[in-house]
Amino acid sequence: MPHRPTPHRVRLRTVLALATAGVIGAGAAVFFNGSASAGTTLGASAAEKGRYFGAAVAAGKLSNSTYTGILDREFNMITPENEMKWDATEPSQGQFRYTSADQIVAHAQAHGQRMRGHALTWHQQQPGWAQSMSGTALRNAMINHITNVAGHYKGKIYAWDVVNEAFADGGSGGRRDSNLQRTGNDWIEVAFRTARAADPGAKLCYNDYNTDGINAKSTGIYNMVRDFKSRGVPIDCVGFQSHLGGLPPSDYQANLQRFADLGVDVQITELDISGSNQANAYAAVVKACLAVSRCTGITVWGIRDSDSWRTGENPLLFDGNGNKKAAYTSTLNALNGPGSTVSTPPVSSPPVSSSPSNPGGSGCTAVVTLNQWDGGFVANIRVTAGSAALNGWTVTVTLASGATITNAWSADRSGGSGTVRFTNVAYNGQVGAGQSTEFGFQATGSGAGLSPTCAGR
Ligand code: G3I
């Protein structure tokens, strides 16, 4: 008999983005108006638009200096290509192995890059012991897996692919058959609720392929997300893998926008493009993302063509020697072109306060995103450097009366109620010009009126 989901309270997702002034004048113009300056790397240019540019990374290649040279120069988000999958992290039931994935996380932390976790559940790359399981035993194993892996990386992951590729190809718009699906149709929402409990600060995504245009498969997913949002199942984002063979479909941007309109972030999660029109196709994908204010970032699925899973198709931005291709240039130019900055309008109507000034603070902004429910909230705060690099930062927030912080991550903290100061930890104090880092905290009480100020050093 399938496991029943634990009862849950309805989650009131209040998304509130408040940009506060740590940057005055010209610095603020860089953050809010991407056309004010042109970045010279993918990561810096994306950051000027309030977005990230990431790459899938293999732990085994971190000892290659050509590989890491490009990675650390160009990319500010990392997805482990295989190291966080179920077969890698739980090779025997209940025995967790994090060595390779930890290596990637340590690299990211040392280089100011954020992490997308991939993937907590998937019908592929399950360990043999899970492949042969079914029913309640498999459901419980899945819950235990998510609890352990998301718990191990709590506070270190920007977004998790909680469920990967659960919808069928073709015209049905329905779920893919798999051992997980056969545990009951509610397995996806159970996975999301379990992930939220294990790491309340991570954004939780559904990720899939062949969903790049408006088609039966993407519409099936759209209907699921709409249902989740209406019932308070915690979902924050949808990933569009975008393994393409040329230009994206003509309704690519419209498809991203219809998901964003449901109240989730959208991200391009595994981009690679084959074919002779590659440079134009990359530019078209970037432009579509920039045109959707909730499209928060783009990840390419590998660095050099020789790193790609699509052997012989040369679908990436760097050739086998690590040289920039024409597709790199068109991608960078598109990132430096016109586009909206990321803004997340409040779902309910809390007052969005005007930006307080930040006398004495040099060159940073702090933007808070709230996940709020009855009696508590999680705040994720993104610190973005202005036109000069930071050598450390302090963010000050004043909590509403009665609110108390229960835990915080990726920052040192003084105080737990009233006015609280957060200072960078060792690995995230140095933030390049236009680059960002994130920290967060969980608290009881109300998150109303949070208005962080940032001071840089
Ligand atoms: O590490 C072993 C090696 O020791 C062994 O000798 C070799 C022999 O087959 O296999 C190696 O493992 C391979 C692994 O990649 C690392 O290279 C696996 O066989 C191979 O199956 C695995 O492929 C990965 C694939 O997912 C698995 O389905 C690809 O690297 C990875 O790029 C790909 O990524 C997926 C995303 O997770 C989800 N979306 C689609 C995307 C592309 O398929």
# chains A, B, ... in the order shown; residues from 1 in each chain; ligands from 1

call {"tool": "residues_around", "arguments": {"residues": "Ala288 (chain A)", "least_positions_apart": "2", "cutoff": "12 Å", "atoms": "only C-alpha atoms", "output": "VMD selection string"}}
result
chain A and resid 212 to 213 247 to 257 266 to 268 281 to 286 290 to 298 331 334 to 335 337 to 340

call {"tool": "select_by_dssp", "arguments": {"residues": "region 168-389 of chain A", "states": "alpha helix (DSSP H)", "output": "tab-separated table (two decimals) with N, CA and C atoms, in the first residue's frame"}}
result
chain	number	residue	atom	x	y	z
A	187	TRP	N	3.79	10.69	-5.26
A	187	TRP	CA	5.20	10.59	-4.88
A	187	TRP	C	5.95	11.91	-5.10
A	188	ILE	N	5.53	12.66	-6.11
A	188	ILE	CA	6.25	13.91	-6.39
A	188	ILE	C	6.01	14.93	-5.28
A	189	GLU	N	4.76	15.07	-4.85
A	189	GLU	CA	4.55	16.06	-3.79
A	189	GLU	C	5.17	15.61	-2.47
A	190	VAL	N	5.20	14.31	-2.24
A	190	VAL	CA	5.87	13.83	-1.03
A	190	VAL	C	7.37	14.17	-1.10
A	191	ALA	N	7.95	14.01	-2.28
A	191	ALA	CA	9.38	14.35	-2.45
A	191	ALA	C	9.61	15.83	-2.16
A	192	PHE	N	8.75	16.69	-2.66
A	192	PHE	CA	8.92	18.13	-2.43
A	192	PHE	C	8.74	18.48	-0.95
A	193	ARG	N	7.75	17.91	-0.30
A	193	ARG	CA	7.55	18.23	1.12
A	193	ARG	C	8.72	17.72	1.96
A	194	THR	N	9.24	16.57	1.58
A	194	THR	CA	10.37	16.01	2.33
A	194	THR	C	11.60	16.89	2.15
A	195	ALA	N	11.82	17.37	0.94
A	195	ALA	CA	12.97	18.24	0.68
A	195	ALA	C	12.84	19.55	1.44
A	196	ARG	N	11.64	20.11	1.49
A	196	ARG	CA	11.46	21.38	2.21
A	196	ARG	C	11.79	21.21	3.68
A	197	ALA	N	11.34	20.10	4.24
A	197	ALA	CA	11.61	19.87	5.67
A	197	ALA	C	13.12	19.70	5.90
A	198	ALA	N	13.81	19.08	4.96
A	198	ALA	CA	15.24	18.80	5.15
A	198	ALA	C	16.10	20.04	4.95
A	216	ALA	N	2.45	18.91	-25.21
A	216	ALA	CA	1.66	18.10	-24.26
A	216	ALA	C	2.45	17.83	-22.98
A	217	LYS	N	3.75	17.58	-23.13
A	217	LYS	CA	4.54	17.26	-21.94
A	217	LYS	C	4.68	18.49	-21.03
A	218	SER	N	5.04	19.62	-21.63
A	218	SER	CA	5.22	20.82	-20.78
A	218	SER	C	3.88	21.25	-20.18
A	219	THR	N	2.79	21.00	-20.91
A	219	THR	CA	1.47	21.36	-20.36
A	219	THR	C	1.09	20.44	-19.20
A	220	GLY	N	1.48	19.17	-19.29
A	220	GLY	CA	1.25	18.26	-18.15
A	220	GLY	C	1.97	18.77	-16.91
A	221	ILE	N	3.21	19.22	-17.09
A	221	ILE	CA	3.99	19.74	-15.96
A	221	ILE	C	3.39	21.06	-15.46
A	222	TYR	N	2.99	21.89	-16.41
A	222	TYR	CA	2.34	23.16	-16.05
A	222	TYR	C	1.12	22.90	-15.16
A	223	ASN	N	0.32	21.93	-15.54
A	223	ASN	CA	-0.88	21.62	-14.74
A	223	ASN	C	-0.51	21.12	-13.35
A	224	MET	N	0.59	20.34	-13.27
A	224	MET	CA	1.03	19.87	-11.95
A	224	MET	C	1.48	21.05	-11.09
A	225	VAL	N	2.26	21.96	-11.68
A	225	VAL	CA	2.77	23.10	-10.90
A	225	VAL	C	1.60	23.97	-10.44
A	226	ARG	N	0.65	24.18	-11.33
A	226	ARG	CA	-0.52	25.00	-10.95
A	226	ARG	C	-1.27	24.34	-9.80
A	227	ASP	N	-1.42	23.03	-9.88
A	227	ASP	CA	-2.08	22.29	-8.79
A	227	ASP	C	-1.27	22.41	-7.49
A	228	PHE	N	0.05	22.24	-7.58
A	228	PHE	CA	0.88	22.35	-6.37
A	228	PHE	C	0.75	23.73	-5.74
A	229	LYS	N	0.80	24.76	-6.59
A	229	LYS	CA	0.71	26.11	-6.03
A	229	LYS	C	-0.65	26.33	-5.36
A	230	SER	N	-1.69	25.77	-5.96
A	230	SER	CA	-3.03	26.01	-5.40
A	230	SER	C	-3.21	25.25	-4.09
A	231	ARG	N	-2.50	24.15	-3.92
A	231	ARG	CA	-2.67	23.34	-2.69
A	231	ARG	C	-1.55	23.57	-1.68
A	252	TYR	N	9.36	29.34	-27.12
A	252	TYR	CA	10.23	29.07	-25.96
A	252	TYR	C	10.00	30.10	-24.85
A	253	GLN	N	10.08	31.37	-25.21
A	253	GLN	CA	9.92	32.43	-24.20
A	253	GLN	C	8.49	32.41	-23.63
A	254	ALA	N	7.52	32.22	-24.48
A	254	ALA	CA	6.13	32.18	-24.00
A	254	ALA	C	5.93	31.03	-23.02
A	255	ASN	N	6.61	29.92	-23.29
A	255	ASN	CA	6.48	28.77	-22.39
A	255	ASN	C	7.10	29.08	-21.02
A	256	LEU	N	8.31	29.69	-21.03
A	256	LEU	CA	8.93	30.09	-19.76
A	256	LEU	C	7.99	31.04	-19.01
A	257	GLN	N	7.43	31.98	-19.77
A	257	GLN	CA	6.59	33.01	-19.13
A	257	GLN	C	5.33	32.41	-18.50
A	258	ARG	N	4.74	31.40	-19.16
A	258	ARG	CA	3.48	30.88	-18.58
A	258	ARG	C	3.77	30.17	-17.26
A	259	PHE	N	4.93	29.52	-17.16
A	259	PHE	CA	5.29	28.92	-15.86
A	259	PHE	C	5.57	30.02	-14.83
A	260	ALA	N	6.33	31.03	-15.23
A	260	ALA	CA	6.64	32.13	-14.30
A	260	ALA	C	5.36	32.76	-13.78
A	278	GLN	N	24.40	27.09	-34.19
A	278	GLN	CA	24.63	27.05	-32.74
A	278	GLN	C	24.73	28.45	-32.11
A	279	ALA	N	25.53	29.32	-32.72
A	279	ALA	CA	25.75	30.64	-32.09
A	279	ALA	C	24.44	31.41	-31.98
A	280	ASN	N	23.65	31.39	-33.06
A	280	ASN	CA	22.36	32.10	-33.01
A	280	ASN	C	21.41	31.45	-32.00
A	281	ALA	N	21.48	30.14	-31.93
A	281	ALA	CA	20.56	29.43	-31.03
A	281	ALA	C	20.88	29.76	-29.57
A	282	TYR	N	22.17	29.78	-29.22
A	282	TYR	CA	22.52	30.17	-27.85
A	282	TYR	C	22.02	31.58	-27.54
A	283	ALA	N	22.23	32.50	-28.50
A	283	ALA	CA	21.79	33.88	-28.27
A	283	ALA	C	20.28	33.93	-28.06
A	284	ALA	N	19.55	33.13	-28.83
A	284	ALA	CA	18.08	33.14	-28.71
A	284	ALA	C	17.64	32.64	-27.34
A	285	VAL	N	18.32	31.62	-26.83
A	285	VAL	CA	17.97	31.11	-25.49
A	285	VAL	C	18.23	32.18	-24.43
A	286	VAL	N	19.40	32.82	-24.53
A	286	VAL	CA	19.74	33.86	-23.53
A	286	VAL	C	18.73	35.00	-23.58
A	287	LYS	N	18.39	35.43	-24.79
A	287	LYS	CA	17.45	36.56	-24.92
A	287	LYS	C	16.09	36.19	-24.32
A	288	ALA	N	15.67	34.96	-24.57
A	288	ALA	CA	14.37	34.54	-24.01
A	288	ALA	C	14.41	34.58	-22.49
A	289	CYS	N	15.49	34.08	-21.91
A	289	CYS	CA	15.59	34.09	-20.45
A	289	CYS	C	15.60	35.53	-19.92
A	290	LEU	N	16.37	36.38	-20.58
A	290	LEU	CA	16.44	37.78	-20.11
A	290	LEU	C	15.11	38.49	-20.23
A	291	ALA	N	14.26	38.02	-21.13
A	291	ALA	CA	12.97	38.68	-21.33
A	291	ALA	C	11.93	38.25	-20.29
A	326	ALA	N	32.42	30.61	-31.31
A	326	ALA	CA	31.50	31.69	-31.74
A	326	ALA	C	30.26	31.69	-30.84
A	327	ALA	N	29.85	30.52	-30.40
A	327	ALA	CA	28.67	30.44	-29.53
A	327	ALA	C	28.93	31.14	-28.19
A	328	TYR	N	30.17	31.10	-27.74
A	328	TYR	CA	30.52	31.83	-26.51
A	328	TYR	C	30.28	33.33	-26.72
A	329	THR	N	30.82	33.83	-27.82
A	329	THR	CA	30.72	35.27	-28.08
A	329	THR	C	29.27	35.71	-28.22
A	330	SER	N	28.48	34.90	-28.92
A	330	SER	CA	27.07	35.30	-29.10
A	330	SER	C	26.32	35.23	-27.77
A	331	THR	N	26.71	34.28	-26.93
A	331	THR	CA	26.08	34.17	-25.61
A	331	THR	C	26.42	35.39	-24.76
A	332	LEU	N	27.71	35.75	-24.75
A	332	LEU	CA	28.14	36.90	-23.95
A	332	LEU	C	27.47	38.18	-24.46
A	333	ASN	N	27.45	38.34	-25.78
A	333	ASN	CA	26.83	39.55	-26.35
A	333	ASN	C	25.35	39.62	-25.98
A	334	ALA	N	24.68	38.47	-26.02
A	334	ALA	CA	23.25	38.46	-25.67
A	334	ALA	C	23.07	38.81	-24.19
A	335	LEU	N	23.96	38.30	-23.34
A	335	LEU	CA	23.87	38.62	-21.91
A	335	LEU	C	24.08	40.12	-21.68

call {"tool": "residues_around", "arguments": {"residues": "Glu165 (chain A)", "least_positions_apart": "3", "cutoff": "9 Å", "atoms": "only C-alpha atoms", "output": "list in words"}}
result
Trp122, His123, Ala168, Arg176, Tyr206, Asn207, Asp208 and Tyr209 of chain A

call {"tool": "residues_near_ligand", "arguments": {"ligand": "ligand 1", "cutoff": "12 Å", "atoms": "only C-alpha atoms and all ligand atoms", "output": "ChimeraX atom specification"}}
result
/A:55-61,79-88,100,117-126,161,163-166,206-211,239-244,268-272,300-303,306-311

call {"tool": "write_last_selection", "arguments": {"atoms": "C-alpha atoms", "output": "PDB file, in the first residue's frame"}}
result
ATOM      1  CA  ALA A  55      27.965  24.809 -15.700  1.00  0.00           C
ATOM      2  CA  ALA A  56      27.637  21.103 -14.976  1.00  0.00           C
ATOM      3  CA  VAL A  57      30.871  19.929 -13.401  1.00  0.00           C
ATOM      4  CA  ALA A  58      32.472  16.520 -12.927  1.00  0.00           C
ATOM      5  CA  ALA A  59      34.483  16.048  -9.734  1.00  0.00           C
ATOM      6  CA  GLY A  60      37.055  13.983 -11.603  1.00  0.00           C
ATOM      7  CA  LYS A  61      37.980  16.995 -13.742  1.00  0.00           C
ATOM      8  CA  THR A  79      25.599  21.622 -10.952  1.00  0.00           C
ATOM      9  CA  PRO A  80      27.309  18.294 -10.233  1.00  0.00           C
ATOM     10  CA  GLU A  81      26.874  16.304 -13.442  1.00  0.00           C
ATOM     11  CA  ASN A  82      26.501  12.937 -11.681  1.00  0.00           C
ATOM     12  CA  GLU A  83      27.859  13.175  -8.132  1.00  0.00           C
ATOM     13  CA  MET A  84      24.657  14.011  -6.252  1.00  0.00           C
ATOM     14  CA  LYS A  85      22.507  11.386  -7.954  1.00  0.00           C
ATOM     15  CA  TRP A  86      21.014   8.548  -5.962  1.00  0.00           C
ATOM     16  CA  ASP A  87      23.469   5.884  -7.180  1.00  0.00           C
ATOM     17  CA  ALA A  88      26.400   8.118  -6.241  1.00  0.00           C
ATOM     18  CA  SER A 100      32.854  13.416  -4.814  1.00  0.00           C
ATOM     19  CA  GLY A 117      21.744  20.207  -6.462  1.00  0.00           C
ATOM     20  CA  HIS A 118      20.937  17.503  -9.037  1.00  0.00           C
ATOM     21  CA  ALA A 119      18.926  15.318  -8.557  1.00  0.00           C
ATOM     22  CA  LEU A 120      17.226  13.953  -5.435  1.00  0.00           C
ATOM     23  CA  THR A 121      14.886  11.621  -7.324  1.00  0.00           C
ATOM     24  CA  TRP A 122      15.005  10.249 -10.864  1.00  0.00           C
ATOM     25  CA  HIS A 123      13.975   7.008 -12.531  1.00  0.00           C
ATOM     26  CA  GLN A 124      17.535   6.715 -13.926  1.00  0.00           C
ATOM     27  CA  GLN A 125      20.805   6.322 -12.036  1.00  0.00           C
ATOM     28  CA  GLN A 126      19.130   4.705  -9.086  1.00  0.00           C
ATOM     29  CA  ASP A 161      16.221  19.409  -8.632  1.00  0.00           C
ATOM     30  CA  VAL A 163      12.305  15.467  -9.079  1.00  0.00           C
ATOM     31  CA  ASN A 164      13.870  14.904 -12.483  1.00  0.00           C
ATOM     32  CA  GLU A 165      12.122  13.785 -15.678  1.00  0.00           C
ATOM     33  CA  ALA A 166       8.932  12.322 -14.230  1.00  0.00           C
ATOM     34  CA  TYR A 206      11.017  20.217 -10.935  1.00  0.00           C
ATOM     35  CA  ASN A 207      13.359  19.545 -13.900  1.00  0.00           C
ATOM     36  CA  ASP A 208      12.663  17.976 -17.310  1.00  0.00           C
ATOM     37  CA  TYR A 209      13.572  17.834 -21.034  1.00  0.00           C
ATOM     38  CA  ASN A 210      11.527  18.187 -24.243  1.00  0.00           C
ATOM     39  CA  THR A 211       9.602  20.848 -22.381  1.00  0.00           C
ATOM     40  CA  GLY A 239      14.013  23.678 -14.763  1.00  0.00           C
ATOM     41  CA  PHE A 240      13.996  23.459 -18.557  1.00  0.00           C
ATOM     42  CA  GLN A 241      16.935  21.273 -19.589  1.00  0.00           C
ATOM     43  CA  SER A 242      17.079  22.597 -23.158  1.00  0.00           C
ATOM     44  CA  HIS A 243      19.165  19.931 -24.860  1.00  0.00           C
ATOM     45  CA  LEU A 244      18.616  21.465 -28.277  1.00  0.00           C
ATOM     46  CA  ILE A 268      17.555  26.845 -18.050  1.00  0.00           C
ATOM     47  CA  THR A 269      19.277  23.912 -16.397  1.00  0.00           C
ATOM     48  CA  GLU A 270      21.201  21.720 -18.873  1.00  0.00           C
ATOM     49  CA  LEU A 271      21.693  23.818 -21.995  1.00  0.00           C
ATOM     50  CA  ASP A 272      23.653  22.378 -24.903  1.00  0.00           C
ATOM     51  CA  VAL A 300      25.259  24.767 -19.642  1.00  0.00           C
ATOM     52  CA  TRP A 301      25.713  21.003 -19.413  1.00  0.00           C
ATOM     53  CA  GLY A 302      29.504  20.896 -19.418  1.00  0.00           C
ATOM     54  CA  ILE A 303      32.356  23.269 -20.156  1.00  0.00           C
ATOM     55  CA  SER A 306      35.117  17.256 -24.919  1.00  0.00           C
ATOM     56  CA  ASP A 307      33.267  17.304 -21.580  1.00  0.00           C
ATOM     57  CA  SER A 308      29.832  16.869 -23.163  1.00  0.00           C
ATOM     58  CA  TRP A 309      27.683  13.757 -22.803  1.00  0.00           C
ATOM     59  CA  ARG A 310      26.703  14.368 -26.469  1.00  0.00           C
ATOM     60  CA  THR A 311      29.898  12.886 -27.859  1.00  0.00           C
TER      61      THR A 311
END

call {"tool": "select_by_dssp", "arguments": {"residues": "region 199-372 of chain A", "states": "strand (DSSP E)", "output": "MDAnalysis selection string"}}
result
chainID A and resid 203:208 237:240 243:244 265:273 295:300 364:372

call {"tool": "residues_around", "arguments": {"residues": "Gly415 (chain A)", "least_positions_apart": "5", "cutoff": "12 Å", "atoms": "only C-alpha atoms", "output": "VMD selection string"}}
result
chain A and resid 396 to 399 403 to 408 420 to 423

call {"tool": "atom_distance", "arguments": {"atom1": "CA of Leu262 (chain A)", "atom2": "CA of Phe439 (chain A)"}}
result
25.8 Å
